[in-house]
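Enquirer: Here's a structure for you.
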Protein chains: 6
Amino acid sequence: MEISDKTRAQVLIDALPYIQEYNNKVVVIKYGGNAMQSEELKQAVMSDIVLLSLIGIKVVLVHGGGPEISGMLDKVGIESKFIGGLRYTDKDTAEIVQMVLAGKVNKSLVALLQKHGGKAVGLCGIDAKMLTAKKVVSEVDLGYVGEVSEIDPSIIIDTLNNGYIPVVATVATDEDGNVYNINADTAAASIAAALKAENLILMTDVKGLLKDKDDESSLIPIVNVSEVAILKKKGIIKGGMIPKTECCVEAVRRGVGRSFIIDGRIAHSILIEMFSNEGIGTMFK
Amino acid sequence: MEISDKTRAQVLIDALPYIQEYNNKVVVIKYGGNAMQSEELKQAVMSDIVLLSLIGIKVVLVHGGGPEISGMLDKVGIESKFIGGLRYTDKDTAEIVQMVLAGKVNKSLVALLQKHGGKAVGLCGIDAKMLTAKKVVSEVDLGYVGEVSEIDPSIIIDTLNNGYIPVVATVATDEDGNVYNINADTAAASIAAALKAENLILMTDVKGLLKDKDDESSLIPIVNVSEVAILKKKGIIKGGMIPKTECCVEAVRRGVGRSFIIDGRIAHSILIEMFSNEGIGTMFK
Amino acid sequence: MEISDKTRAQVLIDALPYIQEYNNKVVVIKYGGNAMQSEELKQAVMSDIVLLSLIGIKVVLVHGGGPEISGMLDKVGIESKFIGGLRYTDKDTAEIVQMVLAGKVNKSLVALLQKHGGKAVGLCGIDAKMLTAKKVVSEVDLGYVGEVSEIDPSIIIDTLNNGYIPVVATVATDEDGNVYNINADTAAASIAAALKAENLILMTDVKGLLKDKDDESSLIPIVNVSEVAILKKKGIIKGGMIPKTECCVEAVRRGVGRSFIIDGRIAHSILIEMFSNEGIGTMFK
Amino acid sequence: MEISDKTRAQVLIDALPYIQEYNNKVVVIKYGGNAMQSEELKQAVMSDIVLLSLIGIKVVLVHGGGPEISGMLDKVGIESKFIGGLRYTDKDTAEIVQMVLAGKVNKSLVALLQKHGGKAVGLCGIDAKMLTAKKVVSEVDLGYVGEVSEIDPSIIIDTLNNGYIPVVATVATDEDGNVYNINADTAAASIAAALKAENLILMTDVKGLLKDKDDESSLIPIVNVSEVAILKKKGIIKGGMIPKTECCVEAVRRGVGRSFIIDGRIAHSILIEMFSNEGIGTMFK
Amino acid sequence: MEISDKTRAQVLIDALPYIQEYNNKVVVIKYGGNAMQSEELKQAVMSDIVLLSLIGIKVVLVHGGGPEISGMLDKVGIESKFIGGLRYTDKDTAEIVQMVLAGKVNKSLVALLQKHGGKAVGLCGIDAKMLTAKKVVSEVDLGYVGEVSEIDPSIIIDTLNNGYIPVVATVATDEDGNVYNINADTAAASIAAALKAENLILMTDVKGLLKDKDDESSLIPIVNVSEVAILKKKGIIKGGMIPKTECCVEAVRRGVGRSFIIDGRIAHSILIEMFSNEGIGTMFK
Amino acid sequence: MEISDKTRAQVLIDALPYIQEYNNKVVVIKYGGNAMQSEELKQAVMSDIVLLSLIGIKVVLVHGGGPEISGMLDKVGIESKFIGGLRYTDKDTAEIVQMVLAGKVNKSLVALLQKHGGKAVGLCGIDAKMLTAKKVVSEVDLGYVGEVSEIDPSIIIDTLNNGYIPVVATVATDEDGNVYNINADTAAASIAAALKAENLILMTDVKGLLKDKDDESSLIPIVNVSEVAILKKKGIIKGGMIPKTECCVEAVRRGVGRSFIIDGRIAHSILIEMFSNEGIGTMFK
C-alpha cells in the first residue's frame with residue numbers, strides 16, 4: 001500500500017500521546033514463539049525495539065529459544081525428553097542450553113538489533129550475578145530446570161544507563177555454580193518487577209486471553225488481576241495460559257505498571273499494542 | 001481517512017532512520033506566515049514540535065508576528081508605515097512590537113506547546129543578553145529596525161539542557177538599552193549558526209524555490225549553496241526569496257548542516273520534510 | 001557626601017554577618033509601587049538586586065505593573081473598571097495585561113538588571129507551567145482575575161541554578177488556556193513558599209505596619225504571626241494592609257523564614273532592611 | 001609450606017611499588033593454552049585476575065577456546081579441518097565457534113571469576129559493535145576466519161567504569177552480519193592498543209622467547225621491539241612464536257606500554273610477572 | 001629470608017579475601033607508642049598505611065606525640081607535671097603541644113607517608129572546625145586538657161574523597177578559642193564513630209588484652225563489648241588498659257564495625273592484624 | 001563615627017563593580033609584618049579575608065612568621081644569626097621554624113578566620129607535596145634556607161573547591177626530606193603564578209613604592225613591569241623593596257593579573273585596595 005506523506009505525518013502525530021506516556025519508562029519484552037522463528041516477524045520485532053529505544057523508552061529484551069535448543073540437541077544426538085511439557089535437563093543438556101541461548105540466540109539478536117540501528121549488549125543471568133538460580137522442586141525430577149532465587153538488576157540498569165539495549169538469555173547458575181535453564185516468561189516477570197518496569201510484554205502465539213478459546217473474536221482486552229481467580233475457576237484461563245497469566249499477575253502485584261499477553265504472529269504487534277488505544281492483546285492491570 | 005493499525009506501525013517503522021539521524025541534534029525552526037494565522041495549521045505545527053522534542057530532537061522555535069503587531073498598532077492608533085517592504089519603527093512602535101512579540105505571541109505559543117504536552121519557556125533576545133542589536137543601516141532611515149550584532153546562545157543551551165523547548169521572540173536591545181525589532185528569519189539563522197544546528201527550517205507561504213514562480217510543480221528540491229549566485233543571476237531567486245535564500249546560505253556557510261524553505265500552508269510540513277525522503281520544500285546544503 | 005575609604009571598608013566589614021546569614025539562601029522580592037515608578041528608585045532597586053545576587057543570594061524578582069497596564073488600556077481605549085479596588089478584567093483587558101506585564105514591564109526589568117551588571121531571564125506564570133490560575137470567586141464577577149491554583153517552581157530553580165536572576169510576571173493560564181491576571185503580592189507569597197525561601201520582601205508605598213497610621217514614627221518593627229489576629233481586631237491592621245499582611249503571614253506559615261513589608265519609597269530599602277540590625281519596615285516571623 | 005605472618009606482611013610490603021605502578025592502569029590479558037585446560041591453573045588465573053582488579057588495576061580478559069571448539073565439533077560430527085595450522089571454518093563451524101566461545105567458555109569464565117569474588121560481564125565482539133570483522137585473505141581460503149577491521153572499545157570502557165571485569169570472546173560479525181572467528185592473540189593486541197593499555201599479557205605454553213628453543217634456561221627476559229627483525233633473521237623467533245611476537249610488537253607500536261609472553265603452565269605466572277623485578281617471561285617494550 | 005616468587009604469589013592470593021572485605025571501607029588508626037619512636041617500626045607503619053590506601057582502603061591516621069612534647073618542653077625549660085598519669089597543661093604548655101603535634105609530628109608524618117609513595121594532608125582538630133574541645137572535668141584541675149565536645153568530620157571526608165590520606169593531630173580549640181590537648185585514643189574513637197568506620201585500630205606497646213598480664217601467651221583474641229564489664233570486675237581489664245578498652249567499646253557502641261588493640265612493637269602489626277585470620281591483638285566487636 | 005543606613009547602602013552599591021570584577025577569581029595574599037603583630041590589625045585582616053571569601057572570591061592566605069620564630073628560638077636558647085638580612089638556618093632552627101610556622105602561626109590563623117565566620121584549612125608546603133624545596137645557593141651558606149623548585153597546587157585547588165580558605169605556611173622539604181624555610185613573599189608569588197591568580201597582594205610595613213622614600217605622599221600608584229628596570233637604575237626601587245618588587249614582577253610575568261604592594265599598617269588595607277578606584281598601595285601590571 002502506498003502511504004501518503006500526509007498520512008505519515010498524521011500517524012506520527014497520533015503517536016504523540018503514547019510517546020509522552022512511555023518517555024523514559026522501562027519496558028520488559030519477553031520475546032519468543034513464532035515471532036522468533038519467522039524471518040519476517042523477527043525483522044519486525046527488531047525494528048519495533050530499536051524504535052522504542054530511540055524515542056526514549058528503556059527496553060529490556062528477554063528471550064528463550066526452545067526450537068534452537070532442540071535443533072542443537074538433535075545435532076549432538078541428545079534426545080529431548082519432556083515431562084509434563086517441561087524439558088528434562090541433564091548436565092549435558094544444560095550445557096547445550098547455555099551455549100545455544102547465551103552464545104547463539106542471544107548474540108544473534110544483538111547483531112540483528114544493531115543491523116536495525118540499535119546498540120545492544122548480550123547478557124545472561126550469570127553476568128554480574130544478575131540471576132541466581134535454584135532447582136525447581138516438582139513431583140518428577142526435571143534435572144537442571146531452575147527458577148530465580150535472587151535477582152540483582154544492577155548490570156541491566158548500568159547497560160540501560162550507558163545507552164545500550166540489554167538482551168537477556170535466561171540461563172543462570174546456583175550457589176554451587178551449576179548451570180540452570182530458567183523459564184524465560186518467569187525470568188522476564190522477575191526482571192520487570194526488580195526494575196519496577198512500566199510494562200511487561202509477553203509475546204505468544206495466541207491472540208490473547210479468549211473467552212472462547214476457539215473464537216479469536218472473543219478476546220478479553222483488559223483483565224484486572226483481582227478477577228484472575230474467577231477466570232481460572234470458570235475455565236477461561238486454562239492450559240498453557242495458566243503460567244503466562246501467573247507471570248502477568250505476579251509482575252503487576254510486585255509493582256509493574258501493566259502486563260500484556262500479545263500475539264507475536266502479527267507483525268509489529270508490540271508497536272500496535274503500545275501505540276494504539278485498543279491494543280490487540282490482553283492487558284493485566 | 002481511517003488508518004489501520006498495520007499502517008500506523010509501518011509508518012512508525014519507516015520513521016526509524018530519520019529518528020536515528022536527528023537523535024539529539026538541534027533544529028531551529030522559524031515560525032511565521034500562514035502557519036501562524038490559521039488555527040488549524042497552528043495546532044499542526046505545535047504538535048509537530050512537541051513530537052520532535054519527545055523523540056530526542058532539540059527544537060528551538062523562533063517567531064515573528066507581523067499581523068499581531070499591525071493589529072495592536074491599529075488599536076492604539078499608530079499607523080503602520082512601510083518603507084520598501086520594511087516597517088518604519090519609531091520608539092512607540094518599538095515598544096508595541098516588544099509587547100506584542102515578547103508578551104503576547106511568545107507566551108501564547110508557550111501555552112499552546114504545553115497544551116500539546118510539551119514544556120516550553122518563552123524568551124526574547126533581551127533575556128540573558130542572548131541577542132544584542134544594532135541599527136540596520138539603509139538608505140532610508142527605518143528607525144528601530146535592528147540586526148544581530150552579537151549573540152550569546154547560553155540561555156538557549158541551558159533551556160534545552162533543562163529539558164524545555166525554548167521559544168524566542170526576536171526583539172533585542174542595543175548597548176544603550178534601546179529596543180529593536182529584528183527580522184525573525186535572520187535572527188533564526190544567527191541562532192542556528194551559533195548553536196551549530198543540524199537544520200534551519202524557515203516556514204514560508206510559498207512552496208519553496210520554484211524554477212518558474214507561477215508553476216508550483218517546478219520546485220527545486222535541493223540547492224547547493226555554491227549555485228545560489230547563478231540562480232540569482234538567472235532571476236530564479238528574486239524578490240522576497242532573496243533574503244530568505246540568503247538566510248539559508250549564510251546559516252550553512254556558518255556551520256549549520258542544512259537549511260530549508262518549506263511551505264507552512266501544508267499541515268505538518270515540518271514532519272513531512274524531516275521524515276520523508278523527498279521532502280516538500282527546498283533544501284540548501 | 002564624601003565617604004572615606006576607611007568608612008567604606010568599615011561598612012563592608014559590618015555587612016559581613018548579614019552576608020554570612022543569607023549566603024546561598026533564596027529571597028523573593030515583590031517589586032511594585034513608587035519604587036517602580038520613580039526612575040531613581042528603580043535604579044536603586046536594580047543595583048540592590050544585582051548586589052544581592054553577586055554576594056551569593058538567590059534573588060527572585062516578582063512584579064506587577066498596574067500603572068503601565070492602565071496606560072496601555074488608555075491607549076487602546078479600554079476604560080479601566082474597578083470593583084472594590086480590583087480591576088475588572090474582561091478578555092481584551094486580560095490580553096493587554098499579558099502583553100504589558102510579560103512583554104513590556106518584565107523584559108524591561110531584565111534589560112535594566114543587565115545594565116547594572118546582572119544576568120536575568122524574564123519569565124511569566126505560563127513558562128514551563130510555573131503557575132496555574134483559577135478564577136477568583138467573589139460576590140461580584142471580576143472576569144479574568146485569578147489566583148494560583150497550582151505551582152511548579154522547577155523553572156525558577158533551574159534559572160537560579162543556571163546562574164540567572166529570574167524575573168517573574170504574574171500572568172498565568174487556567175487548565176483551559178484562559179489568561180488570568182494574578183495579584184503579584186499573593187503570587188510572590190506562593191512562590192516564596194514553594195521555594196521555602198529565607199525571606200519574602202513586599203515593597204510598598206508605606207513605612208510598614210504603623211500603630212497609628214498617621215504617625216510614621218509608630219512603626220511596629222516585628223510582628224509574630226500569632227499576634228496578627230489581635231492586631232486586626234484592634235484595627236491596627238486594616239484596609240490595604242490586610243491583604244499584604246495576609247501574604248506575609250501565609251508565607252511564614254508555609255515555611256518561609258521571615259516576611260517583610262518595607263518602604264519602597266526609600267532608596268536601597270532592601271539593602272537597608274537586609275543588612276542592618278533594626279531594618280526599616282515590619283518583619284513577620 | 002607454612003608461611004609466617006611476618007613473611008606475609010613483608011610480601012605485601014614488597015608488592016607496594018608494583019601496586020603503585022599499576023594503580024588505575026589497564027591490563028589486557030589473553031588467556032589460553034594449558035592455563036585454561038588444567039583445573040588448578042584455571043583457579044590460579046582467576047584469583048590472580050580478581051586480585052589485580054581489587055587493587056585498582058583495570059583488567060580485561062580476552063580468551064579463545066580451541067579445545068572446547070574441537071570437542072563440540074566432534075559432538076556434532078563436524079570434522080576439524082586445519083590448513084597451515086589454522087582451522088578451516090565453514091558456516092556451520094562458525095556457528096559452533098560462536099556458541100562455544102560466547103556461550104560456554106565466556107560465561108563459564110564469568111561464573112568462575114565471580115566464584116573467586118570478582119564481578120564480571122561476558123562480552124563478545126558483537127556486543128555494542130565492539131569488533132567488526134573482515135575475512136582473512138590468504139592463499140588458501142579459510143572460510144569464516146576473520147581479523148579485526150574496526151574496533152570500538154566503548155563497551156569495554158563502560159564495563160570497566162561500572163566496576164566489572166570485562167571478559168571478551170573474540171567472535172565478531174562483518175558488515176553483512178556473517179560471523180567470524182578471530183584469533184584471540186591478535187584481538188587482544190587490538191583491544192590493548194585501542195585502550196592504550198599499560199600491559200598486554202599473552203599466556204602461552206612456553207617459557208617465553210628462548211635463545212635456544214630446547215633450553216628453557218636460555219630465556220630472553222627483555223626484547224626491544226627494534227631488535228625483533230634481527231631476532232627473526234637469526235631464527236630465534238620462528239614458528240608459532242612469530243605471530244605471538246608480532247602481536248606484542250604491534251601492540252607496543254600502537255601505544256601499549258609493554259607486552260609480555262608468559263608461561264601459563266606456571267601457577268600465578270601473571271602475579272609473578274607483574275609483581276617481581278625479574279618477571280618470568282619475555283617482555284617487549 | 002629469601003622469599004620465592006611462588007610464595008610471593010601465594011601470599012598475595014591469600015590476601016584476596018581481606019582486600020575484598022575492606023574494599024572502600026574507612027579504617028581509623030591511632031598511631032603512637034614504640035611504633036612511633038623506633039625508626040624501623042615507623043617505616044613499617046608508614047608502608048603499611050600506604051599499602052592499605054593503595055588497595056582501596058580509606059585510612060585516617062590519628063596521632064599523639066608525648067615524647068616529642070616532653071622533649072620540646074625540656075628545651076624551653078617547662079617542667080612536665082603529671083597528675084594521675086595525665087600531663088598538667090598550662091597555657092604555655094598548650095602552645096608547645098600545638099606546635100609540636102600540629103607543626104612537627106603531624107607534618108613529619110605527612111612527609112614520611114609521601115616518601116613511601118602516599119599522598120597525605122596534615123590536619124589538626126582546628127582545621128575546618130573538625131574538633132571542638134571542652135575542658136576535661138576532674139577532681140584535680142588539669143589545665144588545658146580537653147575532650148571532644150563536638151565533631152564535624154567533613155574535612156576528613158573531603159580529604160579522603162580528594163584521594164589523600166588525612167593525618168590528624170588531636171589539638172583543638174574550645175568555643176572561646178583556647179587551645180586544648182585532646183587524648184589521641186579518645187579522639188580517634190570519636191572520629192571513627194563519626195565516620196562510621198569499619199575498624200578502629202589502637203597501636204599500643206602491649207600485646208593486647210591478656211588474661212594474665214605477665215603471660216603474653218594468655219592473649220584474649222576476641223572480646224564482645226557486652227563482656228567488658230565482667231572482665232573489668234575480674235580485674236583482667238585494669239590500669240592503662242581501662243581507657244584503651246573504653247575507647248574500643250565506645251567506638252563499637254557508636255557504630256564502628258570492630259575495634260582493635262594491637263601490638264605496635266611488632267613490625268607490620270597492622271597488616272598482620274588485618275590480613276590474617278587470627279590477628280595478633282585483641283578485637284572488640 | 002556613626003554611619004547612617006543610607007551611607008551603608010551607598011557603600012555596598014559602590015562596591016558592586018568590584019564584586020563583579022573579582023567574582024570567582026583567585027586572590028593570593030601574603031600576610032606578614034605589622035598587620036600580623038598588632039592585635040587590631042590582625043582582626044581587620046581576618047574579617048577582610050572572610051568577607052572576600054563570602055562574596056565569591058577564592059582567597060589563598062600565605063604567611064611567614066619571623067617574630068614568632070625569633071621568640072621560640074629565644075625560648076629554646078638558639079641564637080638567631082642573620083647573614084645579609086637572612087636568618088642562618090641550621091637543622092635545629094629549621095625544626096623550630098617548621099613547628100612555629102606550620103604548628104602555631106598557621107593553625108592560629110585558621111582558628112582566627114573561623115572566629116570571624118570563615119572555614120579554613122591550615123596547610124604547609126609539605127602537604128600533598130604542594131611545594132618542593134631546594135637549597136638557596138648564595139655566596140655565604142645559609143643552611144636550610146630554601147626556594148621553590150617544584151609546585152603542585154592541587155591541594156590548594158581542592159581546598160578552595162571544597163569551600164575552605166587555604167592558609168599556607170611556607171615550609172617544605174627537598175627530595176631527601178630535609179625541611180627548609182622558604183621566603184613567604186616568593187612562595188606566595190609562585191603559588192599565585194601556579195594558580196593563574198587574578199591578584200597577588202603583598203602586605204608590607206611601607207606605604208608602597210615611593211618616589212622619595214622619605215615622603216609618603218610620593219607614592220607611585222601604578223607600575224608597569226616593563227618600567228621596573230629603569231626604576232631600579234634610578235634607585236627608586238632599592239633595598240628591601242627589590243625582592244618585593246621582583247616577586248610582583250615575576251608573578252605578573254608568569255600570568256598573574258596584577259600584583260600589589262600594600263600597607264599592612266592601615267586597617268582593612270586589602271578591602272580599600274580592592275574596592276576603591278585609586279587603591280592605597282602600588283600596583284604592578
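Naming works like this for the C-alpha cells: A, B, ... for the chains as they're shown, residue 1 at the start of each chain, ligands 1 onward in shown order.
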Select, as JSON, numbers by chain, those residues of chain E with any atom no more than 9 Å from chain F (distances computed using only C-alpha atoms).
Expert: {"E": [72, 74, 75, 76, 77, 95, 96, 98, 99, 100, 101, 102, 103, 104, 105, 106, 107, 108, 110, 111, 112, 114, 115, 118, 119, 120, 121, 122, 123, 124, 126, 127, 128, 129, 155, 158, 159, 162, 164, 173, 175, 176, 177]}
Enquirer: Could you write those residues out with N, CA and C atoms, as a CSV table (one decimal), in the first residue's frame?
Expert:
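The new file part.csv reads:
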```
chain,number,residue,atom,x,y,z
E,72,MET,N,60.4,18.9,73.8
E,72,MET,CA,60.3,20.3,73.5
E,72,MET,C,60.1,21.1,74.8
E,74,ASP,N,61.2,20.3,77.6
E,74,ASP,CA,62.6,20.3,78.2
E,74,ASP,C,63.4,21.5,77.6
E,75,LYS,N,63.4,21.5,76.3
E,75,LYS,CA,64.2,22.5,75.6
E,75,LYS,C,63.8,23.9,76.0
E,76,VAL,N,62.5,24.2,76.2
E,76,VAL,CA,62.1,25.6,76.5
E,76,VAL,C,62.1,25.7,78.1
E,77,GLY,N,62.5,24.7,78.8
E,77,GLY,CA,62.6,24.8,80.2
E,77,GLY,C,61.3,24.8,81.0
E,95,GLU,N,50.5,25.7,74.2
E,95,GLU,CA,51.0,26.3,73.0
E,95,GLU,C,52.1,25.4,72.4
E,96,ILE,N,53.0,24.9,73.3
E,96,ILE,CA,54.0,24.0,72.9
E,96,ILE,C,53.4,22.7,72.3
E,98,GLN,N,50.6,22.3,70.8
E,98,GLN,CA,50.0,22.6,69.5
E,98,GLN,C,51.1,22.6,68.5
E,99,MET,N,52.2,23.3,68.8
E,99,MET,CA,53.3,23.4,67.9
E,99,MET,C,53.9,22.1,67.5
E,100,VAL,N,54.2,21.3,68.6
E,100,VAL,CA,54.9,20.0,68.4
E,100,VAL,C,54.0,19.1,67.6
E,101,LEU,N,52.7,19.0,68.1
E,101,LEU,CA,51.8,18.0,67.4
E,101,LEU,C,51.4,18.4,66.0
E,102,ALA,N,50.9,19.7,65.9
E,102,ALA,CA,50.4,20.1,64.6
E,102,ALA,C,51.5,20.5,63.6
E,103,GLY,N,52.6,21.0,64.2
E,103,GLY,CA,53.7,21.5,63.3
E,103,GLY,C,54.8,20.6,63.0
E,104,LYS,N,55.2,19.8,64.0
E,104,LYS,CA,56.3,18.9,63.8
E,104,LYS,C,55.9,17.5,63.6
E,105,VAL,N,55.3,16.8,64.6
E,105,VAL,CA,54.9,15.4,64.4
E,105,VAL,C,54.0,15.2,63.2
E,106,ASN,N,53.0,16.0,63.1
E,106,ASN,CA,52.0,15.9,62.0
E,106,ASN,C,52.6,16.0,60.7
E,107,LYS,N,53.3,17.1,60.4
E,107,LYS,CA,53.8,17.3,59.1
E,107,LYS,C,55.0,16.4,58.8
E,108,SER,N,55.7,15.9,59.8
E,108,SER,CA,56.8,15.0,59.5
E,108,SER,C,56.2,13.6,59.1
E,110,VAL,N,53.4,13.3,57.5
E,110,VAL,CA,52.9,13.5,56.1
E,110,VAL,C,54.1,13.3,55.2
E,111,ALA,N,55.2,13.9,55.5
E,111,ALA,CA,56.4,13.8,54.7
E,111,ALA,C,56.8,12.3,54.5
E,112,LEU,N,56.7,11.6,55.6
E,112,LEU,CA,57.2,10.2,55.7
E,112,LEU,C,56.3,9.3,54.8
E,114,GLN,N,54.6,10.3,52.3
E,114,GLN,CA,54.8,10.6,50.9
E,114,GLN,C,56.2,10.0,50.4
E,115,LYS,N,57.1,9.9,51.3
E,115,LYS,CA,58.4,9.2,50.9
E,115,LYS,C,58.1,7.8,50.6
E,118,GLY,N,52.8,7.6,49.3
E,118,GLY,CA,51.4,8.0,49.5
E,118,GLY,C,51.2,9.5,49.2
E,119,LYS,N,50.0,10.0,49.3
E,119,LYS,CA,49.7,11.4,49.2
E,119,LYS,C,48.9,11.8,50.5
E,120,ALA,N,49.5,12.7,51.3
E,120,ALA,CA,48.8,12.9,52.6
E,120,ALA,C,48.6,14.4,52.9
E,121,VAL,N,47.7,14.7,53.7
E,121,VAL,CA,47.5,16.0,54.2
E,121,VAL,C,47.4,16.1,55.7
E,122,GLY,N,48.2,17.0,56.3
E,122,GLY,CA,48.2,17.1,57.7
E,122,GLY,C,47.2,18.1,58.3
E,123,LEU,N,46.4,17.6,59.1
E,123,LEU,CA,45.3,18.4,59.7
E,123,LEU,C,45.3,18.3,61.2
E,124,CYS,N,44.7,19.3,61.9
E,124,CYS,CA,44.5,19.1,63.3
E,124,CYS,C,43.0,19.5,63.6
E,126,ILE,N,41.6,21.8,64.7
E,126,ILE,CA,41.2,23.2,64.5
E,126,ILE,C,40.7,23.4,63.0
E,127,ASP,N,41.4,22.7,62.1
E,127,ASP,CA,41.1,22.8,60.7
E,127,ASP,C,39.6,22.6,60.4
E,128,ALA,N,39.0,23.5,59.7
E,128,ALA,CA,37.6,23.4,59.3
E,128,ALA,C,36.7,23.0,60.5
E,129,LYS,N,37.1,23.4,61.7
E,129,LYS,CA,36.3,23.1,62.9
E,129,LYS,C,36.1,21.6,63.1
E,155,ILE,N,35.9,17.7,56.8
E,155,ILE,CA,37.2,17.9,56.2
E,155,ILE,C,37.9,16.6,56.0
E,158,ASP,N,36.2,15.1,52.9
E,158,ASP,CA,36.7,15.8,51.7
E,158,ASP,C,38.1,15.3,51.4
E,159,THR,N,39.0,15.3,52.4
E,159,THR,CA,40.3,14.9,52.1
E,159,THR,C,40.4,13.5,51.6
E,162,ASN,N,39.2,13.5,48.0
E,162,ASN,CA,40.1,14.0,47.1
E,162,ASN,C,41.3,13.1,46.8
E,164,TYR,N,43.5,11.8,49.3
E,164,TYR,CA,44.7,11.9,50.2
E,164,TYR,C,44.4,11.1,51.4
E,173,THR,N,40.4,23.7,69.6
E,173,THR,CA,40.1,24.9,70.4
E,173,THR,C,38.7,24.7,71.0
E,175,GLU,N,35.1,26.9,72.3
E,175,GLU,CA,34.3,27.9,71.8
E,175,GLU,C,35.0,29.3,71.9
E,176,ASP,N,35.8,29.5,72.9
E,176,ASP,CA,36.5,30.7,73.1
E,176,ASP,C,37.8,30.9,72.5
E,177,GLY,N,38.2,29.8,71.8
E,177,GLY,CA,39.5,29.9,71.1
E,177,GLY,C,40.7,29.4,71.9
```
Enquirer: From the DSSP assignment of the backbone, select every residue of stretch 33-249 of chain C that is strand (DSSP E or B), and format the answer as a ChimeraX atom specification.
Expert: /C:58-63,82-83,86-87,89,120-124,131-135,143,145-151,165-169,171-173,179-182,199-204,210,219,222-223
Enquirer: Please return, as a PyMOL selection string, all residues of stretch 76-171 of chain B that DSSP assigns to alpha helix (DSSP H) on the basis of the backbone.
Expert: chain B and resi 76+91-98+106-115+154-161
Enquirer: Write the residues of the selection above to a file with N, CA, C and O atoms, as a compact mmCIF listing (two decimals), in the first residue's frame.
Expert:
```txt
# COMPACT_ATOMS: atom_id res chain seq x y z
N VAL B 76 -4.01 51.01 19.02
CA VAL B 76 -3.51 52.18 19.74
C VAL B 76 -3.41 53.39 18.80
O VAL B 76 -2.93 54.46 19.22
N LYS B 91 10.05 54.94 18.24
CA LYS B 91 10.16 54.49 19.64
C LYS B 91 8.85 53.86 20.13
O LYS B 91 8.85 52.79 20.74
N ASP B 92 7.74 54.52 19.88
CA ASP B 92 6.45 53.99 20.33
C ASP B 92 6.14 52.65 19.67
O ASP B 92 5.63 51.72 20.32
N THR B 93 6.42 52.60 18.37
CA THR B 93 6.17 51.35 17.66
C THR B 93 7.04 50.22 18.22
O THR B 93 6.56 49.10 18.43
N ALA B 94 8.30 50.54 18.50
CA ALA B 94 9.22 49.54 19.03
C ALA B 94 8.69 48.97 20.34
O ALA B 94 8.78 47.77 20.62
N GLU B 95 8.10 49.87 21.13
CA GLU B 95 7.55 49.43 22.41
C GLU B 95 6.37 48.47 22.19
O GLU B 95 6.23 47.45 22.88
N ILE B 96 5.53 48.82 21.22
CA ILE B 96 4.40 47.93 20.92
C ILE B 96 4.91 46.59 20.39
O ILE B 96 4.43 45.51 20.77
N VAL B 97 5.93 46.65 19.52
CA VAL B 97 6.50 45.42 18.97
C VAL B 97 6.98 44.51 20.10
O VAL B 97 6.69 43.32 20.14
N GLN B 98 7.71 45.11 21.04
CA GLN B 98 8.23 44.33 22.18
C GLN B 98 7.08 43.65 22.94
O GLN B 98 7.13 42.44 23.23
N ASN B 106 4.69 35.33 21.94
CA ASN B 106 5.65 34.40 22.54
C ASN B 106 5.01 33.53 23.62
O ASN B 106 5.08 32.30 23.58
N LYS B 107 4.40 34.17 24.59
CA LYS B 107 3.85 33.41 25.72
C LYS B 107 2.65 32.58 25.28
O LYS B 107 2.39 31.52 25.86
N SER B 108 1.90 33.06 24.26
CA SER B 108 0.77 32.26 23.78
C SER B 108 1.27 30.99 23.09
O SER B 108 0.65 29.92 23.21
N LEU B 109 2.40 31.10 22.40
CA LEU B 109 2.99 29.91 21.78
C LEU B 109 3.45 28.91 22.85
O LEU B 109 3.25 27.70 22.72
N VAL B 110 4.03 29.46 23.91
CA VAL B 110 4.44 28.61 25.03
C VAL B 110 3.23 27.84 25.57
O VAL B 110 3.27 26.62 25.77
N ALA B 111 2.13 28.59 25.79
CA ALA B 111 0.92 27.96 26.32
C ALA B 111 0.41 26.88 25.37
O ALA B 111 -0.02 25.80 25.80
N LEU B 112 0.48 27.16 24.09
CA LEU B 112 -0.04 26.22 23.09
C LEU B 112 0.81 24.95 23.04
O LEU B 112 0.28 23.83 22.98
N LEU B 113 2.12 25.11 23.07
CA LEU B 113 3.01 23.94 23.08
C LEU B 113 2.72 23.08 24.29
O LEU B 113 2.70 21.85 24.21
N GLN B 114 2.44 23.74 25.41
CA GLN B 114 2.18 23.00 26.63
C GLN B 114 0.83 22.30 26.58
O GLN B 114 0.68 21.21 27.15
N LYS B 115 -0.11 22.90 25.89
CA LYS B 115 -1.42 22.24 25.70
C LYS B 115 -1.23 20.94 24.91
O LYS B 115 -1.96 19.97 25.10
N SER B 154 23.96 30.97 25.32
CA SER B 154 23.99 30.20 26.58
C SER B 154 22.59 29.91 27.12
O SER B 154 22.29 28.79 27.52
N ILE B 155 21.73 30.93 27.15
CA ILE B 155 20.41 30.70 27.76
C ILE B 155 19.60 29.69 26.94
O ILE B 155 18.83 28.90 27.51
N ILE B 156 19.79 29.67 25.64
CA ILE B 156 19.08 28.67 24.81
C ILE B 156 19.60 27.28 25.13
O ILE B 156 18.84 26.33 25.33
N ILE B 157 20.91 27.16 25.25
CA ILE B 157 21.52 25.87 25.57
C ILE B 157 21.08 25.41 26.96
O ILE B 157 20.69 24.26 27.16
N ASP B 158 21.11 26.33 27.94
CA ASP B 158 20.65 25.99 29.29
C ASP B 158 19.20 25.50 29.26
O ASP B 158 18.84 24.52 29.90
N THR B 159 18.37 26.22 28.51
CA THR B 159 16.95 25.88 28.46
C THR B 159 16.75 24.51 27.81
O THR B 159 15.97 23.68 28.31
N LEU B 160 17.48 24.23 26.75
CA LEU B 160 17.41 22.91 26.12
C LEU B 160 17.90 21.83 27.09
O LEU B 160 17.25 20.79 27.26
N ASN B 161 19.01 22.09 27.75
CA ASN B 161 19.56 21.09 28.66
C ASN B 161 18.67 20.84 29.87
O ASN B 161 18.67 19.75 30.42
```
Enquirer: For stretch 55-61 of chain E, list every protein, DNA or RNA residue within 6 Å, evaluated using only C-alpha atoms, and leave out those in the same chain fewer than 5 positions away; present the list as number ranges by chain.
Expert: D: 55; E: 23-29, 166-167
Enquirer: Calculate how many Å separate atom CA of E:Lys213 from atom CA of E:Gly239, rounding to one decimal.
Expert: 10.8 Å
